[in-house]
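K.L.:
I'm passing along work.cif; it holds mmCIF, C-alpha atoms.
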data_run
loop_
_atom_site.label_atom_id
_atom_site.label_comp_id
_atom_site.auth_asym_id
_atom_site.auth_seq_id
_atom_site.Cartn_x
_atom_site.Cartn_y
_atom_site.Cartn_z
CA MET A 1 0.56 13.00 -33.01
CA THR A 2 -0.43 16.61 -32.42
CA ASN A 3 -0.64 19.26 -35.12
CA LYS A 4 2.54 20.85 -33.77
CA GLU A 5 4.41 17.53 -33.77
CA PHE A 6 3.27 16.87 -37.33
CA PHE A 7 4.39 20.36 -38.36
CA ILE A 8 7.85 19.85 -36.81
CA GLN A 9 8.23 16.49 -38.57
CA THR A 10 7.09 18.01 -41.89
CA TRP A 11 9.30 21.08 -41.40
CA LYS A 12 12.38 18.93 -40.82
CA ASN A 13 11.69 16.85 -43.95
CA GLU A 14 10.89 19.83 -46.18
CA SER A 15 13.87 21.79 -44.86
CA LYS A 16 16.24 19.00 -45.91
CA ILE A 17 14.71 18.99 -49.39
CA THR A 18 14.97 22.78 -49.61
CA ALA A 19 18.62 22.79 -48.54
CA GLY A 20 19.34 20.13 -51.17
CA ALA A 21 17.52 22.19 -53.80
CA VAL A 22 19.68 25.19 -52.92
CA ARG A 23 22.89 23.16 -53.10
CA ALA A 24 21.84 21.91 -56.56
CA LEU A 25 21.84 25.47 -57.93
CA PRO A 26 24.77 26.58 -60.09
CA THR A 27 27.75 27.77 -58.06
CA ASP A 28 28.33 30.45 -60.70
CA MET A 29 26.24 33.13 -59.01
CA SER A 30 25.77 35.02 -62.28
CA LYS A 31 23.58 32.15 -63.49
CA LEU A 32 21.15 32.85 -60.65
CA ALA A 33 19.99 35.94 -62.52
CA TYR A 34 18.02 33.55 -64.75
CA LYS A 35 14.26 33.99 -64.90
CA PRO A 36 11.99 32.49 -67.55
CA SER A 37 10.12 35.74 -68.21
CA GLY A 38 10.10 39.36 -67.16
CA LYS A 39 7.30 38.88 -64.61
CA CYS A 40 9.08 36.00 -62.87
CA ARG A 41 11.54 36.29 -60.03
CA SER A 42 15.12 35.31 -60.77
CA ALA A 43 16.54 32.21 -59.12
CA MET A 44 18.45 34.51 -56.72
CA GLU A 45 15.29 36.46 -55.92
CA ILE A 46 13.48 33.22 -55.11
CA ILE A 47 16.12 31.98 -52.67
CA SER A 48 16.52 35.49 -51.22
CA HIS A 49 12.77 35.38 -50.56
CA ILE A 50 12.24 31.86 -49.18
CA LEU A 51 15.41 31.09 -47.24
CA PRO A 52 14.89 33.93 -44.73
CA HIS A 53 11.53 32.38 -43.82
CA ALA A 54 13.37 29.98 -41.52
CA GLU A 55 15.01 32.85 -39.63
CA GLU A 56 11.71 34.76 -39.54
CA LEU A 57 9.85 31.76 -38.10
CA ASN A 58 12.68 31.13 -35.69
CA ILE A 59 12.47 34.69 -34.35
CA ALA A 60 8.68 34.41 -34.17
CA THR A 61 8.94 31.50 -31.73
CA LYS A 62 9.98 34.13 -29.17
CA ALA A 63 8.73 37.49 -30.50
CA PHE A 64 5.37 36.18 -31.78
CA VAL A 65 5.49 38.36 -34.88
CA ILE A 66 6.69 37.37 -38.34
CA SER A 67 8.58 40.17 -40.08
CA GLU A 68 9.24 39.14 -43.67
CA ASP A 69 12.23 40.51 -45.51
CA SER A 70 14.75 39.30 -48.06
CA LYS A 71 18.46 38.49 -47.73
CA GLU A 72 21.38 38.61 -50.15
CA PHE A 73 23.77 35.68 -50.44
CA SER A 74 27.28 35.66 -51.89
CA GLY A 75 27.39 31.90 -52.48
CA ILE A 76 25.25 28.79 -52.64
CA GLU A 77 26.90 27.07 -49.66
CA GLU A 78 26.48 30.21 -47.55
CA ALA A 79 22.77 30.30 -48.47
CA ALA A 80 22.22 26.61 -47.70
CA ALA A 81 24.10 26.76 -44.38
CA TYR A 82 22.18 29.89 -43.32
CA PHE A 83 18.90 28.15 -44.09
CA GLU A 84 19.86 24.87 -42.36
CA LYS A 85 20.96 26.65 -39.19
CA ASN A 86 17.73 28.60 -38.89
CA ALA A 87 15.52 25.69 -39.96
CA ALA A 88 16.99 23.49 -37.21
CA GLU A 89 16.40 26.24 -34.66
CA VAL A 90 12.75 26.57 -35.74
CA ALA A 91 12.19 22.90 -34.94
CA ASP A 92 14.11 23.12 -31.64
CA ASN A 93 12.27 26.25 -30.51
CA LEU A 94 8.85 24.91 -31.47
CA GLU A 95 9.48 21.91 -29.22
CA LYS A 96 9.37 24.41 -26.32
CA ILE A 97 6.05 25.98 -27.38
CA ASP A 98 2.99 24.52 -25.67
CA ASP A 99 0.08 23.30 -27.78
CA ALA A 100 -2.28 26.06 -26.60
CA THR A 101 0.17 28.75 -27.75
CA TRP A 102 0.70 26.91 -31.05
CA GLU A 103 -3.03 26.65 -31.68
CA GLU A 104 -4.31 29.95 -30.25
CA LYS A 105 -1.57 32.62 -30.14
CA ILE A 106 -2.34 35.27 -32.76
CA ILE A 107 0.73 36.15 -34.81
CA PRO A 108 0.84 39.21 -37.09
CA LEU A 109 2.62 39.04 -40.44
CA GLU A 110 4.58 42.14 -41.41
CA VAL A 111 6.20 42.68 -44.79
CA PHE A 112 8.78 45.48 -44.86
CA GLY A 113 7.24 46.84 -41.65
CA ASN A 114 3.64 46.81 -42.91
CA LYS A 115 1.15 44.55 -41.12
CA LEU A 116 -0.66 42.45 -43.72
CA PHE A 117 -2.81 40.24 -41.49
CA GLU A 118 -2.71 38.05 -38.42
CA ALA A 119 -3.66 34.47 -37.71
CA PRO A 120 -3.05 31.74 -35.12
CA MET A 121 0.58 30.67 -34.90
CA MET A 122 -0.05 27.22 -36.37
CA ASN A 123 -1.84 28.70 -39.39
CA MET A 124 1.02 31.11 -40.05
CA TYR A 125 3.68 28.42 -39.78
CA TRP A 126 1.78 26.05 -42.06
CA MET A 127 1.30 28.90 -44.55
CA PHE A 128 5.03 29.56 -44.55
CA ILE A 129 5.94 25.92 -45.14
CA PHE A 130 3.52 25.82 -48.09
CA GLU A 131 5.02 29.10 -49.35
CA MET A 132 8.48 27.52 -49.22
CA ILE A 133 7.27 24.45 -51.11
CA HIS A 134 5.50 26.61 -53.70
CA HIS A 135 8.57 28.73 -54.47
CA ARG A 136 10.84 25.69 -54.41
CA GLY A 137 8.55 24.26 -57.10
CA GLN A 138 9.01 27.41 -59.17
CA LEU A 139 12.75 27.10 -58.74
CA SER A 140 12.63 23.47 -59.91
CA THR A 141 11.78 24.70 -63.41
CA TYR A 142 14.95 26.82 -63.53
CA TYR A 143 17.69 24.20 -63.08
CA ARG A 144 18.02 22.85 -66.61
CA PRO A 145 17.86 26.31 -68.27
CA MET A 146 20.66 27.35 -65.87
CA GLY A 147 22.72 24.34 -67.00
CA VAL A 148 22.45 22.05 -63.97
CA VAL A 149 20.56 18.85 -63.17
CA ASN A 150 17.33 19.08 -61.22
CA PRO A 151 17.63 17.84 -57.65
CA ARG A 152 15.41 15.11 -56.31
CA ILE A 153 12.44 16.71 -54.65
CA TYR A 154 9.83 13.98 -54.09
CA GLY A 155 11.01 11.33 -56.47
CA PRO A 156 13.46 10.47 -59.22
CA THR A 157 14.57 13.06 -61.73
CA ALA A 158 14.52 12.52 -65.49
CA GLU A 159 18.21 11.60 -65.26
CA ASP A 160 17.48 9.03 -62.55
CA VAL A 161 14.77 7.46 -64.70
CA GLU A 162 17.09 7.36 -67.71
CA LYS A 163 19.72 5.54 -65.62
CA MET A 164 17.16 3.07 -64.32
CA GLN A 165 15.90 2.38 -67.84
CA ALA A 166 19.44 1.95 -69.16
CA ALA A 167 20.30 -0.44 -66.32
CA SER A 168 17.23 -2.60 -67.04
CA ASN A 169 18.17 -3.10 -70.72
#
Transcribe the structure of this file into structure tokens.
P.N.:
Amino acid sequence: MTNKEFFIQTWKNESKITAGAVRALPTDMSKLAYKPSGKCRSAMEIISHILPHAEELNIATKAFVISEDSKEFSGIEEAAAYFEKNAAEVADNLEKIDDATWEEKIIPLEVFGNKLFEAPMMNMYWMFIFEMIHHRGQLSTYYRPMGVVNPRIYGPTAEDVEKMQAASN
């Protein structure tokens, strides 16, 4: 398996988890203003930051530049569907990229029009998947304070464990 093939496989798996994490958020959008402290992003700011990464990476499969921005969402289902559509296109478009381009093409990263740095395409894409996982982890600490159950990320939730323990008694 090549690095690109492994990335696509990982991207597909992590994208499903991320979409599920978004759908587990409260549907009452006012609850997404929650943040544990003043220096933290709100739940809405986190999803407005990470979900556009799929569209940005999708565009970069053709433009070979990543232009980071944020996006506003009016509902949880809209946010999840937007992410899923773009995440699927990232995987599809990367299938068409040859390994030399994946490994060697230098891609600049721009944030609000300012070039921060550049790196090979594969390094940028791996960085963005880790960024998504990192912020999804932050978001995982917000669910209970917002009044909803944590979604499964990599294993059972506290509620799942409680059910399993109750069933074994």
K.L.:
Could you list, as a ChimeraX atom specification, every residue matched by the PyMOL selection byres ((chain A and resi 77) around 12) in this structure?
P.N.:
/A:19-29,73-76,78-84
K.L.:
Can you pull out every residue within 9 Å of Glu118 (chain A), counting all atoms listed in the file, but drop anything in the same chain fewer than 3 positions away, and send it as a ChimeraX atom specification?
P.N.:
/A:65,106-110,115,121,124
K.L.:
So what does the PyMOL selection byres ((chain A and resi 142) around 10) actually pick up in this one, as a list in words?
P.N.:
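In the shown coordinates, the PyMOL selection byres ((chain A and resi 142) around 10) covers Leu25, Leu32, Tyr34, Lys35, Pro36, Ser42, Ala43, Gly137, Gln138, Leu139, Ser140, Thr141, Tyr143, Arg144, Pro145, Met146, Gly147, Val148, Val149 and Asn150 of chain A.
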K.L.:
Using only C-alpha atoms, find the one residue out of A:Pro52, A:Met122, A:Lys85, A:Cys40 that sits nearest to Asp98 (chain A).
P.N.:
A:Met122
K.L.:
Kindly indicate which residue among A:Ile133, A:Met127, A:Leu116, A:Ile46 lies nearest to Glu72 (chain A), using only C-alpha atoms for the distances.
P.N.:
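That would be A:Ile46, the residue with the smallest distance to Glu72 (chain A).
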K.L.:
Take the PyMOL selection byres ((chain A and resi 101) around 12), apply it to the structure above, and return the hits as a list of chain:residue names.
P.N.:
A:Lys4, A:Thr61, A:Lys62, A:Phe64, A:Leu94, A:Glu95, A:Lys96, A:Ile97, A:Asp98, A:Asp99, A:Ala100, A:Trp102, A:Glu103, A:Glu104, A:Lys105, A:Ile106, A:Ile107, A:Pro120, A:Met121, A:Met122, A:Asn123
K.L.:
Which of these, A:Lys31, A:Lys39, A:Lys12, A:His135, has the shortest distance to Leu51 (chain A) once you count all atoms listed in the file?
P.N.:
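Of all the options, A:His135 lies closest to Leu51 (chain A).
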K.L.:
Quick one, how far is CA of Trp11 (chain A) from CA of Ala63 (chain A)?
P.N.:
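Interatomic distance here is 19.7 Å.
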K.L.:
Just how far from CA of Phe112 (chain A) is CA of Asp69 (chain A), in Å to one decimal?
P.N.:
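Taking CA of Asp69 (chain A) and CA of Phe112 (chain A), their separation equals 6.1 Å.
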K.L.:
I'd like to know which of A:Thr2, A:Asn58, A:Ser70, A:Ser30 is closest to Glu45 (chain A), using all atoms listed in the file.
P.N.:
A:Ser70
K.L.:
As an exercise, work out the distance from CA of Asn114 (chain A) to CA of His49 (chain A) in Å and give it to one decimal place.
P.N.:
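We find that CA of Asn114 (chain A) and CA of His49 (chain A) lie 16.5 Å from each other.
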K.L.:
Return the single residue from A:Ile66, A:Glu55, A:Ala88, A:Arg136 that is closest to Arg152 (chain A), with distances computed using only C-alpha atoms.
P.N.:
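Under the stated criterion, the closest residue is A:Arg136.
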K.L.:
Find, counting only C-alpha atoms, the residue in A:Ala33, A:Ile17, A:Ile153, A:Ala54 that gets nearest to Tyr125 (chain A).
P.N.:
A:Ala54
K.L.:
Could region 118-144 of chain A be completed with N, CA and C atoms and returned as a short mmCIF file (atom, residue, chain, number, x, y, z; two decimals), keeping the file's coordinate frame?
P.N.:
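So selection.cif came out as:
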data_model
loop_
_atom_site.label_atom_id
_atom_site.label_comp_id
_atom_site.auth_asym_id
_atom_site.auth_seq_id
_atom_site.Cartn_x
_atom_site.Cartn_y
_atom_site.Cartn_z
N GLU A 118 -3.13 38.87 -39.55
CA GLU A 118 -2.71 38.05 -38.42
C GLU A 118 -3.56 36.79 -38.39
N ALA A 119 -2.99 35.76 -37.80
CA ALA A 119 -3.66 34.47 -37.71
C ALA A 119 -3.03 33.68 -36.57
N PRO A 120 -3.67 32.58 -36.16
CA PRO A 120 -3.05 31.74 -35.12
C PRO A 120 -1.68 31.24 -35.58
N MET A 121 -0.79 31.07 -34.63
CA MET A 121 0.58 30.67 -34.90
C MET A 121 0.65 29.47 -35.84
N MET A 122 -0.14 28.42 -35.54
CA MET A 122 -0.05 27.22 -36.37
C MET A 122 -0.45 27.51 -37.81
N ASN A 123 -1.44 28.35 -38.03
CA ASN A 123 -1.84 28.70 -39.39
C ASN A 123 -0.72 29.44 -40.12
N MET A 124 -0.08 30.35 -39.43
CA MET A 124 1.02 31.11 -40.05
C MET A 124 2.18 30.19 -40.42
N TYR A 125 2.55 29.30 -39.52
CA TYR A 125 3.68 28.42 -39.78
C TYR A 125 3.37 27.45 -40.92
N TRP A 126 2.15 26.91 -40.95
CA TRP A 126 1.78 26.05 -42.06
C TRP A 126 1.77 26.83 -43.37
N MET A 127 1.29 28.08 -43.34
CA MET A 127 1.30 28.90 -44.55
C MET A 127 2.73 29.10 -45.05
N PHE A 128 3.65 29.33 -44.14
CA PHE A 128 5.03 29.56 -44.55
C PHE A 128 5.69 28.30 -45.11
N ILE A 129 5.36 27.14 -44.57
CA ILE A 129 5.94 25.92 -45.14
C ILE A 129 5.38 25.69 -46.55
N PHE A 130 4.10 25.96 -46.75
CA PHE A 130 3.52 25.82 -48.09
C PHE A 130 4.10 26.86 -49.05
N GLU A 131 4.37 28.05 -48.55
CA GLU A 131 5.02 29.10 -49.35
C GLU A 131 6.41 28.63 -49.80
N MET A 132 7.15 28.03 -48.89
CA MET A 132 8.48 27.52 -49.22
C MET A 132 8.39 26.43 -50.30
N ILE A 133 7.44 25.53 -50.14
CA ILE A 133 7.27 24.45 -51.11
C ILE A 133 6.86 25.02 -52.47
N HIS A 134 5.96 25.98 -52.46
CA HIS A 134 5.50 26.61 -53.70
C HIS A 134 6.67 27.24 -54.47
N HIS A 135 7.46 28.06 -53.80
CA HIS A 135 8.57 28.73 -54.47
C HIS A 135 9.69 27.76 -54.85
N ARG A 136 9.87 26.73 -54.05
CA ARG A 136 10.84 25.69 -54.41
C ARG A 136 10.39 25.00 -55.70
N GLY A 137 9.09 24.82 -55.87
CA GLY A 137 8.55 24.26 -57.10
C GLY A 137 8.82 25.17 -58.29
N GLN A 138 8.66 26.47 -58.10
CA GLN A 138 9.01 27.41 -59.17
C GLN A 138 10.48 27.24 -59.54
N LEU A 139 11.31 27.21 -58.53
CA LEU A 139 12.75 27.10 -58.74
C LEU A 139 13.10 25.80 -59.48
N SER A 140 12.32 24.76 -59.27
CA SER A 140 12.63 23.47 -59.91
C SER A 140 12.55 23.54 -61.43
N THR A 141 11.85 24.54 -61.95
CA THR A 141 11.78 24.70 -63.41
C THR A 141 12.97 25.48 -63.96
N TYR A 142 13.83 25.97 -63.11
CA TYR A 142 14.95 26.82 -63.53
C TYR A 142 16.25 26.05 -63.73
N TYR A 143 16.39 24.89 -63.12
CA TYR A 143 17.69 24.20 -63.08
C TYR A 143 18.26 23.91 -64.46
N ARG A 144 17.50 23.22 -65.28
CA ARG A 144 18.02 22.85 -66.61
C ARG A 144 18.35 24.08 -67.45
#
